[in-house]
>>> print(open('final.cif').read())   # mmCIF, C-alpha atoms
data_entry
#
loop_
_atom_site.label_atom_id
_atom_site.label_comp_id
_atom_site.auth_asym_id
_atom_site.auth_seq_id
_atom_site.Cartn_x
_atom_site.Cartn_y
_atom_site.Cartn_z
CA MET A 1 115.02 19.70 18.73
CA THR A 2 112.53 22.30 17.47
CA GLY A 3 115.04 23.89 15.09
CA THR A 4 116.05 20.52 13.62
CA ILE A 5 112.44 19.45 13.08
CA VAL A 6 111.68 22.70 11.26
CA ASN A 7 114.85 22.29 9.17
CA ALA A 8 113.99 18.75 8.08
CA ALA A 9 110.41 19.75 7.26
CA ALA A 10 111.63 22.69 5.15
CA ILE A 11 113.80 20.36 3.06
CA VAL A 12 110.90 18.01 2.35
CA LEU A 13 108.57 20.90 1.50
CA GLY A 14 111.17 22.58 -0.71
CA ALA A 15 111.86 19.31 -2.54
CA MET A 16 108.15 18.82 -3.20
CA VAL A 17 107.91 22.32 -4.65
CA GLY A 18 110.97 21.70 -6.83
CA LEU A 19 109.57 18.40 -8.12
CA SER A 20 106.40 20.13 -9.24
CA PHE A 21 108.48 22.24 -11.64
CA ARG A 22 110.85 19.47 -12.71
CA LYS A 23 109.04 18.32 -15.85
CA GLY A 24 108.73 21.84 -17.20
CA LEU A 25 112.48 22.47 -17.27
CA PRO A 26 114.53 21.53 -20.35
CA ASP A 27 117.77 19.64 -19.76
CA ARG A 28 119.91 22.61 -20.77
CA VAL A 29 118.17 24.77 -18.15
CA ARG A 30 118.61 22.14 -15.42
CA ASN A 31 122.29 21.76 -16.32
CA THR A 32 122.85 25.52 -16.14
CA ILE A 33 121.08 25.72 -12.76
CA MET A 34 123.21 22.86 -11.45
CA GLN A 35 126.37 24.64 -12.56
CA GLY A 36 125.20 27.77 -10.75
CA LEU A 37 124.48 25.78 -7.61
CA GLY A 38 127.89 24.12 -7.84
CA LEU A 39 129.58 27.52 -7.97
CA ALA A 40 127.48 28.73 -5.02
CA VAL A 41 128.47 25.65 -3.01
CA LEU A 42 132.14 26.38 -3.77
CA LEU A 43 131.72 29.96 -2.54
CA ILE A 44 130.08 28.85 0.70
CA GLY A 45 132.83 26.31 1.32
CA PHE A 46 135.63 28.78 0.66
CA GLN A 47 134.06 31.38 2.96
CA MET A 48 133.89 28.84 5.77
CA SER A 49 137.36 27.36 5.28
CA VAL A 50 139.31 30.65 5.25
CA LYS A 51 138.14 31.43 8.78
CA SER A 52 140.51 28.83 10.23
CA GLN A 53 142.97 30.17 12.79
CA GLN A 54 144.98 26.95 12.98
CA ILE A 55 145.76 25.63 9.50
CA LEU A 56 147.73 22.71 10.91
CA VAL A 57 144.60 21.51 12.70
CA VAL A 58 142.75 21.47 9.38
CA VAL A 59 145.55 19.60 7.59
CA VAL A 60 146.00 16.94 10.27
CA SER A 61 142.22 16.55 10.63
CA LEU A 62 141.87 15.86 6.91
CA VAL A 63 144.70 13.32 6.94
CA LEU A 64 143.38 11.43 9.97
CA GLY A 65 139.79 11.77 8.80
CA GLY A 66 140.58 10.41 5.34
CA LEU A 67 142.46 7.47 6.85
CA THR A 68 139.57 6.70 9.19
CA GLY A 69 137.00 7.08 6.42
CA GLU A 70 138.82 4.61 4.20
CA ILE A 71 139.24 2.09 7.03
CA LEU A 72 135.51 2.33 7.78
CA ASN A 73 134.70 2.34 4.05
CA ILE A 74 132.26 5.22 4.47
CA GLU A 75 131.98 5.73 0.72
CA GLY A 76 130.97 2.09 0.36
CA TRP A 77 128.24 2.50 2.94
CA LEU A 78 127.05 5.69 1.24
CA ASP A 79 126.98 3.86 -2.10
CA ARG A 80 124.80 1.11 -0.65
CA LEU A 81 122.54 3.71 0.94
CA SER A 82 122.41 5.50 -2.41
CA ARG A 83 121.24 2.34 -4.17
CA TRP A 84 118.58 1.81 -1.49
CA VAL A 85 117.26 5.34 -2.08
CA ASP A 86 117.22 4.65 -5.82
CA ALA A 87 115.09 1.56 -5.24
CA LYS A 88 112.64 3.52 -3.08
CA ALA A 89 112.46 6.70 -5.16
CA GLY A 90 112.67 5.26 -8.64
CA GLY A 91 113.76 7.40 -11.56
CA ALA A 92 116.86 7.13 -13.70
CA ALA A 93 119.51 4.67 -12.54
CA GLY A 94 121.59 6.20 -9.79
CA GLU A 95 119.91 9.60 -10.03
CA ALA A 96 117.95 9.56 -6.75
CA GLY A 97 120.85 8.07 -4.82
CA ARG A 98 123.31 10.67 -6.05
CA ALA A 99 120.85 13.44 -5.22
CA PHE A 100 120.35 12.02 -1.72
CA VAL A 101 124.06 11.68 -0.94
CA THR A 102 125.01 15.06 -2.43
CA THR A 103 122.33 17.09 -0.68
CA SER A 104 122.71 15.19 2.61
CA LEU A 105 126.38 16.13 2.72
CA ILE A 106 125.64 19.75 1.79
CA TYR A 107 123.00 20.14 4.50
CA CYS A 108 124.94 18.31 7.21
CA VAL A 109 128.49 19.51 6.60
CA GLY A 110 128.48 23.18 7.43
CA ALA A 111 128.92 25.86 10.03
CA MET A 112 125.20 26.51 10.42
CA ALA A 113 124.42 22.83 10.96
CA ILE A 114 127.09 22.50 13.64
CA MET A 115 126.80 25.87 15.34
CA GLY A 116 123.02 26.01 15.04
CA SER A 117 122.63 22.59 16.65
CA ILE A 118 125.09 23.48 19.41
CA GLU A 119 123.30 26.76 20.11
CA SER A 120 119.98 24.94 20.14
CA GLY A 121 121.28 22.40 22.65
CA LEU A 122 123.24 24.78 24.86
CA ASN A 123 120.90 27.77 25.02
CA ASN A 124 117.62 26.51 23.55
CA ASN A 125 118.06 29.19 20.85
CA HIS A 126 116.82 27.92 17.47
CA GLN A 127 117.37 31.10 15.46
CA ILE A 128 120.37 29.79 13.50
CA LEU A 129 118.58 26.57 12.56
CA PHE A 130 115.44 28.49 11.58
CA THR A 131 117.57 30.59 9.23
CA LYS A 132 119.24 27.44 7.90
CA ALA A 133 115.80 25.91 7.38
CA ALA A 134 114.80 28.81 5.12
CA LEU A 135 118.01 28.50 3.09
CA ASP A 136 117.79 24.70 2.86
CA GLY A 137 114.15 24.85 1.78
CA VAL A 138 114.95 27.16 -1.12
CA SER A 139 118.01 25.15 -2.19
CA ALA A 140 116.04 21.87 -1.87
CA ALA A 141 113.51 23.24 -4.36
CA LEU A 142 116.31 24.12 -6.78
CA PHE A 143 118.12 20.81 -6.29
CA ALA A 144 114.93 18.75 -6.64
CA SER A 145 113.99 20.55 -9.84
CA THR A 146 117.26 19.35 -11.37
CA MET A 147 118.25 16.22 -9.42
CA GLY A 148 114.90 14.62 -8.61
CA PRO A 149 113.13 13.07 -5.59
CA GLY A 150 116.27 11.85 -3.84
CA VAL A 151 116.66 15.35 -2.42
CA ALA A 152 113.64 14.88 -0.12
CA PHE A 153 115.27 11.84 1.52
CA SER A 154 118.13 14.04 2.76
CA ALA A 155 115.79 15.37 5.46
CA LEU A 156 116.33 12.11 7.40
CA PRO A 157 120.12 12.35 7.89
CA VAL A 158 119.72 16.07 8.64
CA PHE A 159 117.25 15.20 11.40
CA ILE A 160 119.52 12.48 12.84
CA TYR A 161 122.77 14.45 12.53
CA GLN A 162 121.58 17.80 13.85
CA GLY A 163 119.37 16.18 16.46
CA THR A 164 122.30 14.17 17.78
CA ILE A 165 124.53 17.25 18.01
CA THR A 166 121.76 19.16 19.77
CA MET A 167 121.31 16.43 22.38
CA LEU A 168 125.06 16.03 22.90
CA ALA A 169 125.43 19.80 23.30
CA SER A 170 122.69 19.88 25.91
CA PHE A 171 124.62 17.26 27.93
CA SER A 172 128.06 18.77 27.26
CA LYS A 173 127.68 22.46 28.02
CA GLY A 174 131.05 24.14 28.07
CA PHE A 175 132.88 21.18 26.52
CA LEU A 176 133.28 22.55 22.99
CA SER A 177 135.58 25.57 22.89
CA THR A 178 135.18 28.42 20.43
CA ALA A 179 138.40 27.31 18.74
CA ALA A 180 137.08 23.76 18.27
CA VAL A 181 133.83 24.96 16.68
CA LEU A 182 135.79 27.32 14.41
CA GLU A 183 138.12 24.60 13.16
CA MET A 184 135.26 22.12 12.75
CA SER A 185 133.55 24.69 10.54
CA ALA A 186 136.76 25.29 8.57
CA VAL A 187 137.23 21.58 7.90
CA GLY A 188 133.55 21.32 6.99
CA GLY A 189 134.01 24.24 4.61
CA LEU A 190 136.73 22.39 2.70
CA LEU A 191 134.47 19.35 2.45
CA ILE A 192 131.76 21.59 1.01
CA VAL A 193 134.31 22.81 -1.54
CA GLY A 194 134.80 19.14 -2.44
CA ILE A 195 131.05 18.74 -2.90
CA GLY A 196 131.03 21.75 -5.22
CA VAL A 197 133.85 20.20 -7.26
CA ASN A 198 131.81 16.98 -7.53
CA ILE A 199 128.68 18.84 -8.62
CA LEU A 200 130.61 20.63 -11.36
CA GLY A 201 132.13 17.33 -12.51
CA ILE A 202 135.69 18.64 -12.23
CA ARG A 203 136.96 15.63 -10.28
CA GLU A 204 135.40 13.00 -8.04
CA ILE A 205 136.38 13.71 -4.43
CA LYS A 206 135.52 11.16 -1.72
CA VAL A 207 133.83 13.66 0.57
CA GLY A 208 132.06 10.90 2.48
CA SER A 209 135.33 9.26 3.47
CA LEU A 210 136.63 12.62 4.69
CA LEU A 211 133.68 13.25 7.04
CA PRO A 212 135.50 12.00 10.19
CA SER A 213 137.87 14.95 9.70
CA ILE A 214 135.28 17.27 11.22
CA PHE A 215 135.34 15.40 14.53
CA TYR A 216 139.15 15.11 14.66
CA ALA A 217 139.21 18.91 14.65
CA ILE A 218 137.75 18.97 18.19
CA PRO A 219 140.69 17.40 20.10
CA LEU A 220 143.28 18.72 17.66
CA ALA A 221 142.14 22.32 18.14
CA TYR A 222 142.89 21.84 21.83
CA TRP A 223 146.07 19.73 21.74
CA LEU A 224 148.06 20.90 18.70
CA PRO A 225 148.62 24.48 19.95
CA LYS A 226 150.04 23.01 23.15
CA ILE A 227 152.33 20.60 21.32
CA ILE A 228 153.39 23.01 18.56
CA PRO A 229 153.00 26.59 19.86
CA GLY A 230 152.29 29.15 17.17
#
>>> encode(input="final.cif", output="structure tokens")
Amino acid sequence: MTGTIVNAAAIVLGAMVGLSFRKGLPDRVRNTIMQGLGLAVLLIGFQMSVKSQQILVVVVSLVLGGLTGEILNIEGWLDRLSRWVDAKAGGAAGEAGRAFVTTSLIYCVGAMAIMGSIESGLNNNHQILFTKAALDGVSAALFASTMGPGVAFSALPVFIYQGTITMLASFSKGFLSTAAVLEMSAVGGLLIVGIGVNILGIREIKVGSLLPSIFYAIPLAYWLPKIIPG
């Protein structure tokens, strides 16, 4: 859990630094920075997604994940959580909640979050999560300077999500194959692309409802090649 604790702390610290510069930035500067961050998020997502070795796994995972997400109404739960963060953080209507949901998804849906947590649980090696902590801290400062205090709240889901994966990995050594981790990361990469599209305001993609797709990739990476040999 050491890597996850450091990661969550880095997000809070970075957000605090970013908030200290928030009032000194004109709107046009904040908008330009957000556009730059949106493009960077797209790049990260594309780099992750193209590493897939089983495209069919990614496609089926997204279909099943989207269906599950809509049945569970994940976006609805995220919207309620967003409003709760708004009430706690204050600020412009909806601003803190949107910042919380957006950055939570960015920090949780990614190869480093998954692989770093697994490595931490399997081998007690926190190097990947320490590297992620440095990157998240810097990006949290940039996000907070443009999106506000809701960014700091994203440290909580990061702690819960990565901590859970770490504990599960420690109890499930050898369960997750290399192929499963790779396809999970590829699906997560496409979801990050969706987040980038949302940040840029191109189109509203229900990334939250697609989150179950990541977990469908685990069994599908194992079973689909047996059912439909490549």
>>> atom_distance(input="final.cif", atom1="CA of Gln53 (chain A)", atom2="CA of Leu191 (chain A)")
17.2 Å
>>> resolve_selection(input="final.cif", expression="the PyMOL selection byres ((chain A and resi 100) around 12)", output="ChimeraX atom specification")
/A:11-12,15,78-86,88-89,94-99,101-108,140,143-144,147-158
>>> atom_distance(input="final.cif", atom1="CA of Ser61 (chain A)", atom2="CA of Gly189 (chain A)")
12.8 Å
>>> closest_residue(input="final.cif", among="A:Val187, A:Leu39, A:Leu135, A:Leu122", to="Val6 (chain A)", atoms="only C-alpha atoms")
A:Leu135
>>> closest_residue(input="final.cif", among="A:Gly137, A:Gly163, A:Leu142, A:Gly45", to="Gly116 (chain A)", atoms="only C-alpha atoms")
A:Gly163
>>> atom_distance(input="final.cif", atom1="CA of Thr4 (chain A)", atom2="CA of Lys51 (chain A)")
25.1 Å
>>> resolve_selection(input="final.cif", expression="the PyMOL selection byres ((chain A and resi 126) around 12)", output="ChimeraX atom specification")
/A:1-7,112-113,115-125,127-133,162,166
>>> resolve_selection(input="final.cif", expression="the PyMOL selection byres ((chain A and resi 210) around 7)", output="list in words")
Leu62, Gly65, Gly66, Gly69, Lys206, Val207, Gly208, Ser209, Leu211, Pro212 and Ser213 of chain A
>>> closest_residue(input="final.cif", among="A:Glu70, A:Glu183, A:Glu204, A:Asp136", to="Gly14 (chain A)", atoms="only C-alpha atoms")
A:Asp136
